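Undergrad: You'll find my_file.tsv just under this line, and it carries TSV, C-alpha atoms.
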```tsv
chain	number	residue	atom	x	y	z
A	1	MET	CA	0.00	0.00	0.00
A	2	ALA	CA	1.41	3.39	-0.93
A	3	LEU	CA	2.44	5.82	1.73
A	4	ASP	CA	0.07	8.75	2.11
A	5	GLN	CA	1.20	12.30	2.67
A	6	GLU	CA	-0.21	12.49	6.19
A	7	VAL	CA	2.01	9.64	7.38
A	8	LEU	CA	5.08	11.31	5.87
A	9	THR	CA	4.17	14.64	7.45
A	10	LEU	CA	3.67	13.09	10.89
A	11	ARG	CA	6.91	11.13	10.52
A	12	ASP	CA	8.87	14.25	9.61
A	13	GLU	CA	7.42	16.20	12.56
A	14	LEU	CA	8.23	13.34	14.94
A	15	PHE	CA	11.84	13.09	13.78
A	16	SER	CA	12.24	16.86	13.85
A	17	LEU	CA	11.10	16.99	17.48
A	18	TRP	CA	13.08	13.93	18.56
A	19	THR	CA	16.40	15.12	17.10
A	20	GLN	CA	16.26	18.35	19.10
A	21	GLU	CA	18.29	18.77	22.27
A	22	GLU	CA	16.72	16.81	25.11
A	23	SER	CA	15.99	19.95	27.12
A	24	LYS	CA	14.07	21.47	24.18
A	25	ARG	CA	11.97	18.44	23.20
A	26	ASN	CA	8.22	18.68	23.48
A	27	LEU	CA	7.73	15.19	24.92
A	28	ALA	CA	3.96	15.56	25.17
A	29	ARG	CA	3.78	16.19	21.42
A	30	VAL	CA	6.17	13.30	20.77
A	31	GLY	CA	3.82	10.98	22.63
A	32	GLU	CA	0.84	12.25	20.63
A	33	LEU	CA	2.66	11.75	17.33
A	34	LEU	CA	3.67	8.21	18.25
A	35	SER	CA	0.05	7.32	19.01
A	36	LEU	CA	-1.14	8.85	15.72
A	37	LEU	CA	1.58	7.15	13.68
A	38	LYS	CA	0.98	3.72	15.18
A	39	ARG	CA	-2.67	3.92	14.18
A	40	LYS	CA	-1.74	5.10	10.68
A	41	LEU	CA	0.94	2.44	10.22
A	42	ILE	CA	-1.52	-0.39	10.86
A	43	SER	CA	-2.80	0.22	7.33
A	44	LEU	CA	0.77	0.23	6.00
A	45	THR	CA	1.69	-3.31	7.01
A	46	PHE	CA	2.90	-2.05	10.39
A	47	LEU	CA	3.53	-5.64	11.45
A	48	PRO	CA	4.14	-7.56	8.18
A	49	GLU	CA	1.78	-10.44	7.51
A	50	LEU	CA	2.24	-13.53	5.39
A	51	GLY	CA	0.93	-13.08	1.86
A	52	ARG	CA	0.85	-9.26	1.91
A	53	GLN	CA	3.13	-7.28	-0.33
A	54	VAL	CA	5.33	-4.90	1.64
A	55	THR	CA	7.54	-2.11	0.31
A	56	GLN	CA	10.93	-1.17	1.68
A	57	SER	CA	9.82	2.40	2.37
A	58	GLU	CA	6.97	1.14	4.57
A	59	LEU	CA	9.35	-1.09	6.50
A	60	VAL	CA	11.87	1.70	7.03
A	61	ILE	CA	9.27	4.19	8.26
A	62	ALA	CA	7.66	1.66	10.60
A	63	ARG	CA	11.03	0.61	12.01
A	64	ASP	CA	12.19	4.20	12.50
A	65	VAL	CA	8.96	5.15	14.29
A	66	LEU	CA	9.22	2.12	16.57
A	67	GLU	CA	12.81	3.03	17.41
A	68	VAL	CA	11.77	6.53	18.46
A	69	GLY	CA	8.97	4.93	20.49
A	70	ALA	CA	11.41	2.63	22.29
A	71	GLN	CA	13.74	5.51	23.14
A	72	TYR	CA	10.82	7.69	24.21
A	73	SER	CA	9.52	4.92	26.50
A	74	MET	CA	12.89	4.57	28.19
A	75	LEU	CA	13.14	8.33	28.62
A	76	GLN	CA	9.70	8.23	30.26
A	77	LYS	CA	10.83	5.26	32.39
A	78	ASP	CA	7.96	3.21	30.98
A	79	LEU	CA	9.53	-0.25	30.87
A	80	VAL	CA	6.34	-2.07	29.83
A	81	SER	CA	5.98	0.17	26.79
A	82	PHE	CA	9.68	-0.23	25.98
A	83	GLU	CA	9.32	-4.03	25.95
A	84	ARG	CA	6.34	-3.79	23.59
A	85	TYR	CA	8.31	-1.65	21.17
A	86	MET	CA	11.28	-4.01	21.31
A	87	ALA	CA	9.08	-7.04	20.64
A	88	GLN	CA	7.87	-5.32	17.46
A	89	LEU	CA	11.31	-4.08	16.44
A	90	LYS	CA	12.86	-7.55	16.52
A	91	CYS	CA	10.76	-8.41	13.49
A	92	TYR	CA	12.50	-5.66	11.51
A	93	TYR	CA	15.94	-6.36	12.96
A	94	PHE	CA	16.05	-10.11	12.42
A	95	ASP	CA	13.46	-11.02	9.77
A	96	TYR	CA	14.50	-8.39	7.21
A	97	VAL	CA	18.28	-8.61	7.44
A	98	GLY	CA	18.69	-8.91	3.67
A	99	VAL	CA	16.00	-6.35	2.87
A	100	LEU	CA	16.72	-3.38	5.13
A	101	GLU	CA	19.99	-1.66	5.82
A	102	LYS	CA	21.05	-2.02	9.42
A	103	SER	CA	19.68	0.75	11.62
A	104	SER	CA	22.19	2.93	13.46
A	105	TYR	CA	20.10	2.46	16.62
A	106	MET	CA	19.76	-1.32	16.39
A	107	ASN	CA	22.70	-2.36	18.59
A	108	GLU	CA	22.06	0.37	21.16
A	109	LEU	CA	18.42	-0.70	21.60
A	110	LEU	CA	19.20	-4.42	21.64
A	111	GLY	CA	21.88	-3.74	24.27
A	112	LEU	CA	19.37	-1.67	26.24
A	113	ASN	CA	16.95	-4.60	26.10
A	114	LEU	CA	19.68	-6.88	27.50
A	115	LEU	CA	20.30	-4.42	30.31
A	116	LEU	CA	16.58	-4.33	31.13
A	117	LEU	CA	16.47	-8.12	31.50
A	118	LEU	CA	19.59	-8.03	33.65
A	119	ALA	CA	18.30	-5.22	35.88
A	120	GLN	CA	15.11	-7.22	36.48
A	121	ARG	CA	17.12	-10.41	37.14
A	122	ARG	CA	15.47	-12.21	34.22
A	123	LEU	CA	18.66	-14.14	33.54
A	124	ALA	CA	17.14	-16.95	31.49
A	125	GLU	CA	15.63	-14.42	29.07
A	126	PHE	CA	18.92	-12.51	29.06
A	127	HIS	CA	20.81	-15.54	27.78
A	128	THR	CA	18.05	-16.36	25.31
A	129	GLU	CA	18.39	-12.88	23.80
A	130	LEU	CA	22.15	-13.31	23.57
A	131	GLU	CA	21.60	-16.38	21.40
A	132	LEU	CA	19.85	-14.20	18.81
A	133	LEU	CA	22.84	-11.89	18.38
A	134	PRO	CA	25.80	-12.47	16.02
A	135	THR	CA	28.61	-14.16	17.94
A	136	GLN	CA	31.29	-11.85	16.59
A	137	GLU	CA	29.41	-8.71	17.61
A	138	LEU	CA	29.07	-9.91	21.21
A	139	SER	CA	32.76	-9.22	21.71
A	140	GLU	CA	33.14	-6.28	19.32
A	141	CYS	CA	30.06	-4.14	19.98
A	142	VAL	CA	30.26	-1.97	23.10
A	143	TYR	CA	26.48	-2.03	23.49
A	144	PHE	CA	26.60	-5.83	23.88
A	145	ARG	CA	29.88	-6.10	25.78
A	146	TYR	CA	28.60	-3.75	28.46
A	147	PRO	CA	25.60	-5.80	29.72
A	148	ILE	CA	27.61	-9.02	29.30
A	149	GLN	CA	30.34	-7.62	31.56
A	150	LEU	CA	27.74	-6.48	34.08
A	151	GLU	CA	26.20	-9.94	34.15
A	152	GLN	CA	29.62	-11.50	34.78
A	153	TYR	CA	30.28	-9.16	37.72
A	154	LEU	CA	26.79	-9.84	39.06
A	155	MET	CA	27.32	-13.60	39.00
A	156	GLU	CA	30.77	-13.26	40.61
A	157	GLY	CA	29.45	-10.95	43.32
A	158	CYS	CA	31.87	-8.18	42.27
A	159	TYR	CA	29.37	-5.48	43.13
A	160	ASN	CA	31.99	-2.75	43.41
A	161	LYS	CA	32.83	-3.25	39.72
A	162	ILE	CA	29.18	-2.81	38.81
A	163	PHE	CA	29.21	0.61	40.43
A	164	THR	CA	32.44	1.43	38.60
A	165	LEU	CA	30.92	0.46	35.23
A	166	ARG	CA	27.91	2.62	36.00
A	167	ASP	CA	30.00	5.73	35.38
A	168	ILE	CA	31.15	4.62	31.91
A	169	SER	CA	27.90	3.53	30.26
A	170	PRO	CA	27.97	3.46	26.44
A	171	ALA	CA	24.88	5.66	26.04
A	172	GLN	CA	22.82	8.15	28.03
A	173	SER	CA	19.74	5.99	27.53
A	174	TYR	CA	21.29	3.33	29.80
A	175	SER	CA	21.29	5.59	32.87
A	176	PHE	CA	17.84	4.77	34.22
A	177	LEU	CA	18.32	0.99	34.04
A	178	LEU	CA	21.75	1.29	35.62
A	179	ASP	CA	20.11	3.16	38.51
A	180	VAL	CA	17.60	0.31	38.83
A	181	MET	CA	20.39	-2.28	38.83
A	182	THR	CA	22.61	-0.50	41.35
A	183	SER	CA	19.59	0.09	43.60
A	184	THR	CA	18.83	-3.64	43.51
A	185	VAL	CA	22.46	-4.52	44.30
A	186	ARG	CA	22.54	-2.04	47.18
A	187	HIS	CA	19.33	-3.49	48.59
A	188	GLU	CA	20.78	-7.03	48.52
A	189	VAL	CA	23.99	-5.90	50.22
A	190	ALA	CA	22.00	-4.05	52.90
A	191	SER	CA	19.90	-7.17	53.57
A	192	CYS	CA	23.08	-9.22	54.01
A	193	VAL	CA	24.55	-6.61	56.38
A	194	GLU	CA	21.45	-6.76	58.57
A	195	LYS	CA	21.78	-10.53	58.91
A	196	ALA	CA	25.56	-10.82	59.14
A	197	TYR	CA	26.28	-8.11	61.75
A	198	THR	CA	24.96	-7.17	65.13
A	199	THR	CA	26.67	-3.76	64.92
A	200	VAL	CA	28.51	-1.93	62.17
A	201	SER	CA	30.02	1.53	62.17
A	202	ALA	CA	28.42	4.24	60.06
A	203	SER	CA	31.58	4.71	57.99
A	204	GLU	CA	31.88	1.01	57.29
A	205	ALA	CA	28.20	0.73	56.37
A	206	GLN	CA	28.60	3.66	54.01
A	207	ARG	CA	31.55	1.95	52.34
A	208	MET	CA	29.78	-1.41	52.03
A	209	LEU	CA	26.72	0.22	50.49
A	210	PHE	CA	28.86	2.06	47.91
A	211	PHE	CA	28.23	5.56	49.21
A	212	ALA	CA	31.96	6.12	49.36
A	213	SER	CA	32.31	9.68	48.06
A	214	PRO	CA	31.84	12.63	50.44
A	215	ALA	CA	29.14	13.94	48.11
A	216	ALA	CA	27.10	10.80	48.80
A	217	ASN	CA	26.71	11.46	52.54
A	218	GLU	CA	23.23	12.89	52.16
A	219	ASP	CA	22.14	10.03	49.89
A	220	PHE	CA	23.46	7.55	52.45
A	221	SER	CA	21.52	9.23	55.24
A	222	GLU	CA	18.33	9.07	53.21
A	223	TYR	CA	18.92	5.45	52.31
A	224	VAL	CA	19.42	4.20	55.87
A	225	LYS	CA	16.20	5.96	56.85
A	226	THR	CA	14.30	3.88	54.30
A	227	ARG	CA	15.64	0.74	56.00
A	228	ASN	CA	14.91	2.05	59.51
A	229	TRP	CA	18.55	1.82	60.60
A	230	THR	CA	19.31	3.76	63.77
A	231	LEU	CA	22.61	4.75	65.41
A	232	ASN	CA	23.51	3.98	69.02
A	233	MET	CA	25.50	6.27	71.34
A	234	ASP	CA	28.79	5.02	69.83
A	235	GLY	CA	27.78	5.96	66.31
A	236	ASP	CA	27.17	2.37	65.19
A	237	PHE	CA	24.15	0.83	63.54
A	238	VAL	CA	22.65	-1.93	65.67
A	239	PHE	CA	20.75	-4.87	64.23
A	240	SER	CA	18.64	-7.23	66.28
A	241	GLN	CA	19.32	-10.83	65.31
A	242	PRO	CA	16.54	-13.38	65.84
A	243	GLU	CA	17.31	-16.18	68.25
A	244	PRO	CA	18.26	-19.39	66.45
A	245	GLU	CA	15.48	-21.90	66.50
A	246	GLY	CA	16.95	-25.08	67.90
A	247	ARG	CA	15.14	-28.37	67.51
A	248	TYR	CA	15.57	-30.89	70.30
A	249	VAL	CA	15.43	-34.54	69.31
A	250	SER	CA	15.46	-37.03	72.17
A	251	SER	CA	17.81	-40.00	72.14
A	252	ASP	CA	14.84	-42.30	72.69
A	253	GLY	CA	13.30	-40.98	69.49
A	254	LEU	CA	16.48	-41.58	67.51
A	255	ILE	CA	16.79	-45.12	68.86
A	256	GLY	CA	13.15	-45.84	68.06
A	257	ASN	CA	13.56	-44.61	64.48
A	258	ALA	CA	16.71	-46.71	64.01
A	259	LEU	CA	14.95	-49.87	65.26
A	260	THR	CA	12.00	-49.21	62.95
A	261	TYR	CA	14.33	-48.85	59.95
A	262	ALA	CA	16.12	-52.09	60.92
A	263	LYS	CA	12.83	-54.01	61.10
A	264	GLU	CA	11.75	-52.72	57.69
A	265	LEU	CA	15.09	-53.73	56.17
A	266	GLU	CA	14.70	-57.25	57.61
A	267	ARG	CA	11.29	-57.54	55.93
A	268	ILE	CA	12.70	-56.45	52.60
A	269	VAL	CA	15.59	-58.92	52.82
```
Let's see the structure in the file written out as structure tokens.
TA:
Amino acid sequence: MALDQEVLTLRDELFSLWTQEESKRNLARVGELLSLLKRKLISLTFLPELGRQVTQSELVIARDVLEVGAQYSMLQKDLVSFERYMAQLKCYYFDYVGVLEKSSYMNELLGLNLLLLLAQRRLAEFHTELELLPTQELSECVYFRYPIQLEQYLMEGCYNKIFTLRDISPAQSYSFLLDVMTSTVRHEVASCVEKAYTTVSASEAQRMLFFASPAANEDFSEYVKTRNWTLNMDGDFVFSQPEPEGRYVSSDGLIGNALTYAKELERIV
């Protein structure tokens, strides 16, 4: 089906707005244009169907609109919407390899999708997505190497390296998911501290929770409040440990069980 002028006009306005500096973008209008274009693209083989003729120009416009939608969703911190856009984009990325030229945003968005799965601890899906990617690019493309390295550090428990990598992300769009991941890591470390220590100094707790820089003092104070940690007179955090639940088993009971087992074995033999 031929492209109509309205679709082209909406596409041009969307791209014009999206390529502006982030501080100058009219995000409300971007959202409106995405909704309008998705409805229009349904009539233009938005999601290609078997037996329907599709033109390259339709595929390119649909893919480009979906890519803006995925980036917009991440900017809005709408992870559900981002996953929907990525599910649609994979059709264009993998099913039309010989038809469409590779998009300049493809690797960045696929890497962002990997990071989302990792941040949500969906490790089985993370490795499934890796299987779809070219083996050579896994080691060469920075957008793929980055989440792979994070996953390795996560599995090894090298949490300090995760916080180091946070400062050298390959794209600005990764920032929100990195915040989600580091928040999850910090929560797990804090839970371990509460169970492993009866007391811990404030400075040591700050170091273990990766609030090491002086500028992070206020963030650390806010974080410990969310976990209801309180300081004692010595300036240490005190954690109440539950009493271990011991189970007493009488010797008579053990002897009785052993005799029962012996009788059953004699029957079997």
Undergrad: Take CA of Lys40 in chain A and CA of Lys102 in chain A and report the distance between them in Å, one decimal.
TA: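 CA of Lys102 in chain A lies at a distance of 23.9 Å from CA of Lys40 in chain A.
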Undergrad: Quick one: residues within 12 Å of Phe239 in chain A, all atoms listed in the file, excluding same-chain residues fewer than 5 positions away - as a PDB file with C-alpha atoms, keeping the file's coordinate frame?
TA:
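Written output follows (around-v6.pdb):
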```pdb
ATOM      1  CA  ALA A 190      22.000  -4.050  52.900  1.00  0.00           C
ATOM      2  CA  SER A 191      19.900  -7.170  53.570  1.00  0.00           C
ATOM      3  CA  CYS A 192      23.080  -9.220  54.010  1.00  0.00           C
ATOM      4  CA  VAL A 193      24.550  -6.610  56.380  1.00  0.00           C
ATOM      5  CA  GLU A 194      21.450  -6.760  58.570  1.00  0.00           C
ATOM      6  CA  LYS A 195      21.780 -10.530  58.910  1.00  0.00           C
ATOM      7  CA  ALA A 196      25.560 -10.820  59.140  1.00  0.00           C
ATOM      8  CA  TYR A 197      26.280  -8.110  61.750  1.00  0.00           C
ATOM      9  CA  THR A 198      24.960  -7.170  65.130  1.00  0.00           C
ATOM     10  CA  THR A 199      26.670  -3.760  64.920  1.00  0.00           C
ATOM     11  CA  VAL A 200      28.510  -1.930  62.170  1.00  0.00           C
ATOM     12  CA  SER A 201      30.020   1.530  62.170  1.00  0.00           C
ATOM     13  CA  ARG A 227      15.640   0.740  56.000  1.00  0.00           C
ATOM     14  CA  ASN A 228      14.910   2.050  59.510  1.00  0.00           C
ATOM     15  CA  TRP A 229      18.550   1.820  60.600  1.00  0.00           C
ATOM     16  CA  THR A 230      19.310   3.760  63.770  1.00  0.00           C
ATOM     17  CA  LEU A 231      22.610   4.750  65.410  1.00  0.00           C
ATOM     18  CA  ASN A 232      23.510   3.980  69.020  1.00  0.00           C
TER      19      ASN A 232
END
```
Undergrad: Could you please determine the separation between CA of Ser103 in chain A and CA of Val60 in chain A in Å, to one decimal place?
TA: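 Value for the CA of Ser103 in chain A-CA of Val60 in chain A distance: 9.1 Å.
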Undergrad: Have a look at CA of Tyr72 in chain A and CA of Ser23 in chain A and let me know their distance in Å, one decimal.
TA: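 Result for CA of Tyr72 in chain A versus CA of Ser23 in chain A: 13.6 Å, one decimal.
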Undergrad: Give me the residues within 7 Å of Leu177 in chain A as a list in words, counting all atoms listed in the file and dropping any in the same chain fewer than 3 places off.
TA: Leu115, Leu116, Ala119, Tyr174, Val180 and Met181 of chain A
Undergrad: Compare A:Met233, A:Ala202, A:Ala70, A:Leu17 by their minimum atom-to-atom distance to Gln88 in chain A, counting all atoms listed in the file, and give me the closest one.
TA: A:Ala70
Undergrad: I'd like the neighbourhood of range 169-172 of chain A as a VMD selection string, where a residue qualifies if any of its atoms comes within 12 Å (using all atoms listed in the file), though same-chain residues fewer than 3 positions away should be ignored.
TA: chain A and resid 22 71 74 to 75 105 107 to 109 111 to 112 115 141 to 147 149 to 150 162 to 166 175 to 179
Undergrad: Taking 4 positions as the minimum chain separation for residues in the same chain, which residues sit within 12 Å of Phe211 in chain A when counting only C-alpha atoms? Answer as an NGL selection string.
TA: :A and (160 or 163 or 182-183 or 186 or 202-207 or 215-224)
Undergrad: A:Val97, A:Ile168, A:Leu34, A:Leu123: which is nearest Val65 in chain A, counting all atoms listed in the file?
TA: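 Of A:Val97, A:Ile168, A:Leu34, A:Leu123, the one nearest Val65 in chain A is A:Leu34, counting all atoms listed in the file.
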Undergrad: Padding 8 Å on each side, edges along x, y and z: where is the centre of the box around the listed atoms of range 164-176 of chain A, and how long are its edges in Å to one decimal? Output it as lines of an AutoDock Vina configuration file.
TA:
```
center_x = 25.1
center_y = 4.3
center_z = 32.3
size_x = 30.6
size_y = 23.7
size_z = 28.6
```
Undergrad: Measuring atom to atom with all atoms listed in the file, identify which of A:Leu154, A:Glu13, A:Tyr159, A:Arg63 is nearest to Ser104 in chain A.
TA: A:Arg63
Undergrad: Counting all atoms listed in the file, figure out which residue out of A:Ser213, A:Thr9, A:Ser251, A:Ser139 gets nearest to Leu33 in chain A.
TA: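 Nearest candidate to Leu33 in chain A out of A:Ser213, A:Thr9, A:Ser251, A:Ser139: A:Thr9.
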Undergrad: Find the spatial neighbours of Gln76 in chain A, counting only C-alpha atoms, within a cut-off of 12 Å - ignore same-chain residues fewer than 6 positions away - and output them as a VMD selection string.
TA: chain A and resid 27 to 28 30 to 31 69 to 70 82 173 176 to 177
Undergrad: Nearest to Gly98 in chain A: which of A:Gln56, A:Ser73, A:Thr184, A:Ser81 is it, counting all atoms listed in the file?
TA: A:Gln56
